[in-house]
Amino acid sequence: LASGAFWVLALHYIALPWKLVAACIPPTAIWNGKACFVVSLAFIGVVTALVGDLASLLGCCIGLPDLVVGITLVALGTSLPDTFASRKSAVEDEDADASIGNITGSNSVNVYLGLGLPWVLGSIYWRIEGPTEDWVARYPDFALEHPNGAFYVPAGDLAYSVTMYTAISFAAFAVLAARRWLYGAELGGPRRPAIASSMFFVVIWFLFVWLVATKSNGST
């Protein structure tokens with residue numbers, strides 16, 4: 001086999017289990033695509049839950065805090081599909097609107113729906129369930145303030161992480177604005193500046209991970 005054919009075949013067998021799972025999704029011709037959308041959404045939820053649990057177990061085995069696991073392993077596992085979709089859109093479309101909008105839209109769904117919906121359901125559950133002995137023993141100080149029970153989520157180092165993320169995001173937006181002013185586009189342009197911009201974004205991501213991991217390890 002040629003080297004290219006070998007890698008195509010290897011990737012085919014590596015992805016074969018996922019292809020078999022995806023084959024269970026109904027075609028778009030059924031119910032005008034509604035069945036495909038619902039089943040695909042359910043599969044995405046299951047895969048995301050598996051990725052989160054496996055990453056948490058791996059972090060527990062190697063001694064990584066949950067916060068560090070969340071911004072590295074879980075974030076990569078759930079964001080890589082969006083990254084590939086954005087790259088394809090950036091290459092094939094005339095502008096970068098769809099590719100950048102895909103990333104920002106995905107993160108908006110993660111924050112607003114991914115956090116908001118579970119917290120609403122958790123609040124409703126604890127409002128109906130009320131305080132239990134295990135809940136009172138786990139949060140004794142909070143139980144004194146809310147004797148009827150409540151959904152409690154410790155913030156931890158969230159404020160620091162959000163502050164660092166916001167500061168680094170301003171740097172990223174500054175680069176995009178500079179590219180718009182210099183080259184007339186946020187993506188593409190001359191090869192060397194494009195590579196430099198890509199390397200800059202990779203570096204600030206590693207910087208963000210390092211800052212949060214250092215603070216998290218210091219707290220624990």
# chains A, B, ... in the order shown; residues from 1 in each chain; ligands from 1

call {"tool": "residues_around", "arguments": {"residues": "region 73-90 of chain A", "least_positions_apart": "3", "cutoff": "12 Å", "atoms": "only C-alpha atoms", "output": "PyMOL selection string"}}
result
chain A and resi 44-59+64-70+93-107+110+185-188+205+209

call {"tool": "closest_residue", "arguments": {"among": "A:Val39, A:Val162, A:Ala155, A:Ala178", "to": "Val21 (chain A)", "atoms": "only C-alpha atoms"}}
result
A:Val39

call {"tool": "closest_residue", "arguments": {"among": "A:Val212, A:Leu16, A:Cys61, A:Val91", "to": "Asp157 (chain A)", "atoms": "only C-alpha atoms"}}
result
A:Val212

call {"tool": "residues_around", "arguments": {"residues": "His146 (chain A)", "least_positions_apart": "4", "cutoff": "12 Å", "atoms": "only C-alpha atoms", "output": "ChimeraX atom specification"}}
result
/A:126-127,130-131,135-136,139-142,150-152

call {"tool": "write_last_selection", "arguments": {"atoms": "all heavy atoms", "output": "compact mmCIF listing (two decimals), in the first residue's frame"}}
result
# COMPACT_ATOMS: atom_id res chain seq x y z
N TRP A 126 -33.71 20.37 44.15
CA TRP A 126 -33.46 20.60 45.58
C TRP A 126 -34.56 21.40 46.24
O TRP A 126 -34.76 21.31 47.46
CB TRP A 126 -32.12 21.29 45.76
CG TRP A 126 -30.97 20.34 45.57
CD1 TRP A 126 -30.13 20.26 44.49
CD2 TRP A 126 -30.59 19.30 46.46
NE1 TRP A 126 -29.23 19.24 44.69
CE2 TRP A 126 -29.48 18.63 45.87
CE3 TRP A 126 -31.05 18.86 47.70
CZ2 TRP A 126 -28.85 17.56 46.49
CZ3 TRP A 126 -30.42 17.80 48.31
CH2 TRP A 126 -29.34 17.15 47.71
N ARG A 127 -35.28 22.20 45.45
CA ARG A 127 -36.43 22.90 46.01
C ARG A 127 -37.53 21.92 46.39
O ARG A 127 -38.21 22.09 47.42
CB ARG A 127 -36.96 23.91 44.99
CG ARG A 127 -38.13 24.75 45.48
CD ARG A 127 -37.71 25.65 46.62
NE ARG A 127 -38.82 26.50 47.05
CZ ARG A 127 -38.75 27.35 48.06
NH1 ARG A 127 -37.61 27.49 48.74
NH2 ARG A 127 -39.80 28.08 48.40
N GLY A 130 -35.73 19.21 49.19
CA GLY A 130 -35.42 19.75 50.51
C GLY A 130 -34.10 19.23 51.03
O GLY A 130 -33.43 18.40 50.40
N PRO A 131 -33.65 19.69 52.18
CA PRO A 131 -32.35 19.28 52.71
C PRO A 131 -32.35 17.81 53.15
O PRO A 131 -33.31 17.33 53.75
CB PRO A 131 -32.15 20.21 53.92
CG PRO A 131 -33.54 20.59 54.33
CD PRO A 131 -34.35 20.63 53.07
N TRP A 135 -26.67 16.22 52.49
CA TRP A 135 -26.49 17.61 52.06
C TRP A 135 -26.09 18.50 53.22
O TRP A 135 -25.19 19.34 53.10
CB TRP A 135 -27.79 18.10 51.42
CG TRP A 135 -27.71 19.49 50.87
CD1 TRP A 135 -27.27 19.85 49.63
CD2 TRP A 135 -28.09 20.70 51.52
NE1 TRP A 135 -27.35 21.22 49.48
CE2 TRP A 135 -27.84 21.77 50.63
CE3 TRP A 135 -28.60 20.99 52.79
CZ2 TRP A 135 -28.11 23.09 50.96
CZ3 TRP A 135 -28.87 22.31 53.11
CH2 TRP A 135 -28.62 23.35 52.20
N VAL A 136 -26.74 18.33 54.37
CA VAL A 136 -26.41 19.13 55.55
C VAL A 136 -24.99 18.82 56.04
O VAL A 136 -24.24 19.72 56.43
CB VAL A 136 -27.44 18.88 56.67
CG1 VAL A 136 -27.02 19.59 57.95
CG2 VAL A 136 -28.82 19.34 56.24
N TYR A 139 -22.50 20.49 53.44
CA TYR A 139 -22.45 21.95 53.44
C TYR A 139 -23.06 22.48 54.74
O TYR A 139 -24.16 23.05 54.73
CB TYR A 139 -23.21 22.51 52.24
CG TYR A 139 -22.83 21.89 50.92
CD1 TYR A 139 -23.74 21.13 50.19
CD2 TYR A 139 -21.56 22.08 50.38
CE1 TYR A 139 -23.39 20.57 48.98
CE2 TYR A 139 -21.20 21.52 49.16
CZ TYR A 139 -22.13 20.77 48.47
OH TYR A 139 -21.79 20.21 47.27
N PRO A 140 -22.39 22.31 55.87
CA PRO A 140 -22.99 22.73 57.15
C PRO A 140 -23.21 24.24 57.24
O PRO A 140 -24.25 24.69 57.75
CB PRO A 140 -21.97 22.24 58.19
CG PRO A 140 -20.69 22.10 57.44
CD PRO A 140 -21.07 21.71 56.05
N ASP A 141 -22.23 25.03 56.78
CA ASP A 141 -22.39 26.49 56.86
C ASP A 141 -23.50 26.98 55.93
O ASP A 141 -24.29 27.86 56.28
CB ASP A 141 -21.07 27.18 56.50
CG ASP A 141 -19.96 26.83 57.49
OD1 ASP A 141 -20.29 26.51 58.65
OD2 ASP A 141 -18.78 26.87 57.09
N PHE A 142 -23.56 26.41 54.74
CA PHE A 142 -24.59 26.81 53.78
C PHE A 142 -25.97 26.38 54.26
O PHE A 142 -26.96 27.05 53.98
CB PHE A 142 -24.28 26.19 52.42
CG PHE A 142 -25.09 26.75 51.30
CD1 PHE A 142 -24.82 28.01 50.79
CD2 PHE A 142 -26.12 26.02 50.74
CE1 PHE A 142 -25.57 28.53 49.75
CE2 PHE A 142 -26.87 26.53 49.70
CZ PHE A 142 -26.60 27.80 49.20
N ALA A 150 -31.06 23.97 49.09
CA ALA A 150 -30.83 24.74 47.87
C ALA A 150 -29.77 24.03 47.05
O ALA A 150 -29.06 23.14 47.54
CB ALA A 150 -30.38 26.17 48.19
N PHE A 151 -29.68 24.41 45.79
CA PHE A 151 -28.67 23.86 44.90
C PHE A 151 -27.39 24.67 45.09
O PHE A 151 -27.34 25.86 44.77
CB PHE A 151 -29.15 23.93 43.45
CG PHE A 151 -28.18 23.35 42.46
CD1 PHE A 151 -27.74 22.04 42.60
CD2 PHE A 151 -27.72 24.10 41.40
CE1 PHE A 151 -26.85 21.49 41.69
CE2 PHE A 151 -26.83 23.56 40.48
CZ PHE A 151 -26.40 22.26 40.64
N TYR A 152 -26.34 24.03 45.58
CA TYR A 152 -25.12 24.72 45.97
C TYR A 152 -23.97 24.30 45.06
O TYR A 152 -23.69 23.11 44.92
CB TYR A 152 -24.78 24.40 47.43
CG TYR A 152 -23.53 25.07 47.96
CD1 TYR A 152 -23.46 26.46 48.04
CD2 TYR A 152 -22.44 24.32 48.36
CE1 TYR A 152 -22.33 27.07 48.52
CE2 TYR A 152 -21.29 24.94 48.84
CZ TYR A 152 -21.25 26.32 48.92
OH TYR A 152 -20.12 26.93 49.39

call {"tool": "select_by_dssp", "arguments": {"residues": "region 83-211 of chain A", "states": "alpha helix (DSSP H)", "output": "PyMOL selection string"}}
result
chain A and resi 83-92+97-108+114-129+133-138+140-145+158-183+191-211

call {"tool": "write_last_selection", "arguments": {"atoms": "C-alpha atoms", "output": "mmCIF file, in the first residue's frame"}}
result
data_model
loop_
_atom_site.group_PDB
_atom_site.id
_atom_site.type_symbol
_atom_site.label_atom_id
_atom_site.label_comp_id
_atom_site.auth_asym_id
_atom_site.auth_seq_id
_atom_site.Cartn_x
_atom_site.Cartn_y
_atom_site.Cartn_z
ATOM 1 C CA THR A 83 -12.540 23.621 15.175
ATOM 2 C CA PHE A 84 -12.548 21.326 12.143
ATOM 3 C CA ALA A 85 -15.936 22.661 11.049
ATOM 4 C CA SER A 86 -14.682 26.237 11.366
ATOM 5 C CA ARG A 87 -11.541 25.415 9.384
ATOM 6 C CA LYS A 88 -13.581 23.881 6.570
ATOM 7 C CA SER A 89 -15.871 26.883 6.552
ATOM 8 C CA ALA A 90 -12.919 29.291 6.513
ATOM 9 C CA VAL A 91 -11.348 27.498 3.551
ATOM 10 C CA GLU A 92 -14.498 27.148 1.464
ATOM 11 C CA ASP A 97 -18.197 35.053 9.362
ATOM 12 C CA ALA A 98 -19.377 31.439 9.473
ATOM 13 C CA SER A 99 -16.161 30.027 10.940
ATOM 14 C CA ILE A 100 -15.857 32.604 13.737
ATOM 15 C CA GLY A 101 -19.605 32.581 14.324
ATOM 16 C CA ASN A 102 -19.509 28.807 14.711
ATOM 17 C CA ILE A 103 -16.909 29.029 17.494
ATOM 18 C CA THR A 104 -18.587 31.872 19.355
ATOM 19 C CA GLY A 105 -22.004 30.271 18.949
ATOM 20 C CA SER A 106 -20.733 26.952 20.264
ATOM 21 C CA ASN A 107 -19.212 28.587 23.329
ATOM 22 C CA SER A 108 -22.398 30.570 23.919
ATOM 23 C CA GLY A 114 -24.764 23.817 29.164
ATOM 24 C CA LEU A 115 -24.616 25.547 32.544
ATOM 25 C CA GLY A 116 -28.006 27.182 32.745
ATOM 26 C CA LEU A 117 -30.184 24.145 32.040
ATOM 27 C CA PRO A 118 -28.522 21.768 34.559
ATOM 28 C CA TRP A 119 -28.507 24.469 37.211
ATOM 29 C CA VAL A 120 -32.190 25.200 36.682
ATOM 30 C CA LEU A 121 -33.029 21.488 36.921
ATOM 31 C CA GLY A 122 -30.798 21.141 39.989
ATOM 32 C CA SER A 123 -32.469 24.114 41.658
ATOM 33 C CA ILE A 124 -35.927 22.690 40.983
ATOM 34 C CA TYR A 125 -34.866 19.275 42.306
ATOM 35 C CA TRP A 126 -33.457 20.597 45.576
ATOM 36 C CA ARG A 127 -36.429 22.901 46.013
ATOM 37 C CA ILE A 128 -38.722 19.879 45.859
ATOM 38 C CA GLU A 129 -36.412 17.438 47.673
ATOM 39 C CA GLU A 133 -28.709 14.486 55.942
ATOM 40 C CA ASP A 134 -25.941 14.071 53.400
ATOM 41 C CA TRP A 135 -26.492 17.605 52.057
ATOM 42 C CA VAL A 136 -26.406 19.127 55.555
ATOM 43 C CA ALA A 137 -23.259 17.175 56.416
ATOM 44 C CA ARG A 138 -21.522 18.244 53.191
ATOM 45 C CA PRO A 140 -22.992 22.728 57.150
ATOM 46 C CA ASP A 141 -22.392 26.489 56.856
ATOM 47 C CA PHE A 142 -24.585 26.810 53.782
ATOM 48 C CA ALA A 143 -27.308 24.766 55.478
ATOM 49 C CA LEU A 144 -27.540 27.364 58.251
ATOM 50 C CA GLU A 145 -28.239 30.100 55.694
ATOM 51 C CA LEU A 158 -13.893 30.386 38.819
ATOM 52 C CA ALA A 159 -13.480 34.143 39.306
ATOM 53 C CA TYR A 160 -9.743 33.947 38.637
ATOM 54 C CA SER A 161 -10.238 31.741 35.575
ATOM 55 C CA VAL A 162 -12.864 34.040 34.081
ATOM 56 C CA THR A 163 -10.661 37.085 34.727
ATOM 57 C CA MET A 164 -7.670 35.486 32.997
ATOM 58 C CA TYR A 165 -9.849 34.302 30.128
ATOM 59 C CA THR A 166 -11.298 37.772 29.641
ATOM 60 C CA ALA A 167 -7.872 39.430 29.672
ATOM 61 C CA ILE A 168 -6.439 36.955 27.171
ATOM 62 C CA SER A 169 -9.558 37.256 25.001
ATOM 63 C CA PHE A 170 -8.924 40.989 24.666
ATOM 64 C CA ALA A 171 -5.448 40.157 23.367
ATOM 65 C CA ALA A 172 -6.959 37.738 20.836
ATOM 66 C CA PHE A 173 -9.520 40.323 19.677
ATOM 67 C CA ALA A 174 -6.728 42.890 19.366
ATOM 68 C CA VAL A 175 -4.872 40.547 16.994
ATOM 69 C CA LEU A 176 -8.028 40.005 14.916
ATOM 70 C CA ALA A 177 -8.617 43.766 14.754
ATOM 71 C CA ALA A 178 -4.988 44.346 13.753
ATOM 72 C CA ARG A 179 -5.262 41.734 11.003
ATOM 73 C CA ARG A 180 -8.427 43.396 9.713
ATOM 74 C CA TRP A 181 -6.599 46.745 9.603
ATOM 75 C CA LEU A 182 -3.367 45.403 8.069
ATOM 76 C CA TYR A 183 -4.577 42.667 5.708
ATOM 77 C CA ARG A 191 1.626 33.175 4.833
ATOM 78 C CA ARG A 192 4.123 34.388 7.428
ATOM 79 C CA PRO A 193 1.702 36.675 9.294
ATOM 80 C CA ALA A 194 -0.935 33.931 9.149
ATOM 81 C CA ILE A 195 1.472 31.428 10.743
ATOM 82 C CA ALA A 196 2.551 34.016 13.315
ATOM 83 C CA SER A 197 -1.078 34.716 14.236
ATOM 84 C CA SER A 198 -1.798 31.000 14.596
ATOM 85 C CA MET A 199 1.243 30.509 16.817
ATOM 86 C CA PHE A 200 0.201 33.494 18.921
ATOM 87 C CA PHE A 201 -3.238 32.009 19.558
ATOM 88 C CA VAL A 202 -1.685 28.655 20.498
ATOM 89 C CA VAL A 203 0.734 30.382 22.875
ATOM 90 C CA ILE A 204 -1.964 32.378 24.675
ATOM 91 C CA TRP A 205 -4.023 29.198 25.075
ATOM 92 C CA PHE A 206 -1.067 27.483 26.747
ATOM 93 C CA LEU A 207 -0.576 30.629 28.823
ATOM 94 C CA PHE A 208 -4.177 30.500 29.984
ATOM 95 C CA VAL A 209 -3.892 26.815 30.886
ATOM 96 C CA TRP A 210 -0.642 27.447 32.767
ATOM 97 C CA LEU A 211 -2.068 30.379 34.733
#

call {"tool": "decode", "arguments": {"residues": "region 157-170 of chain A", "atoms": "C-alpha atoms", "output": "tab-separated table (two decimals), in the first residue's frame"}}
result
chain	number	residue	atom	x	y	z
A	157	ASP	CA	-11.19	29.46	41.32
A	158	LEU	CA	-13.89	30.39	38.82
A	159	ALA	CA	-13.48	34.14	39.31
A	160	TYR	CA	-9.74	33.95	38.64
A	161	SER	CA	-10.24	31.74	35.58
A	162	VAL	CA	-12.86	34.04	34.08
A	163	THR	CA	-10.66	37.09	34.73
A	164	MET	CA	-7.67	35.49	33.00
A	165	TYR	CA	-9.85	34.30	30.13
A	166	THR	CA	-11.30	37.77	29.64
A	167	ALA	CA	-7.87	39.43	29.67
A	168	ILE	CA	-6.44	36.96	27.17
A	169	SER	CA	-9.56	37.26	25.00
A	170	PHE	CA	-8.92	40.99	24.67
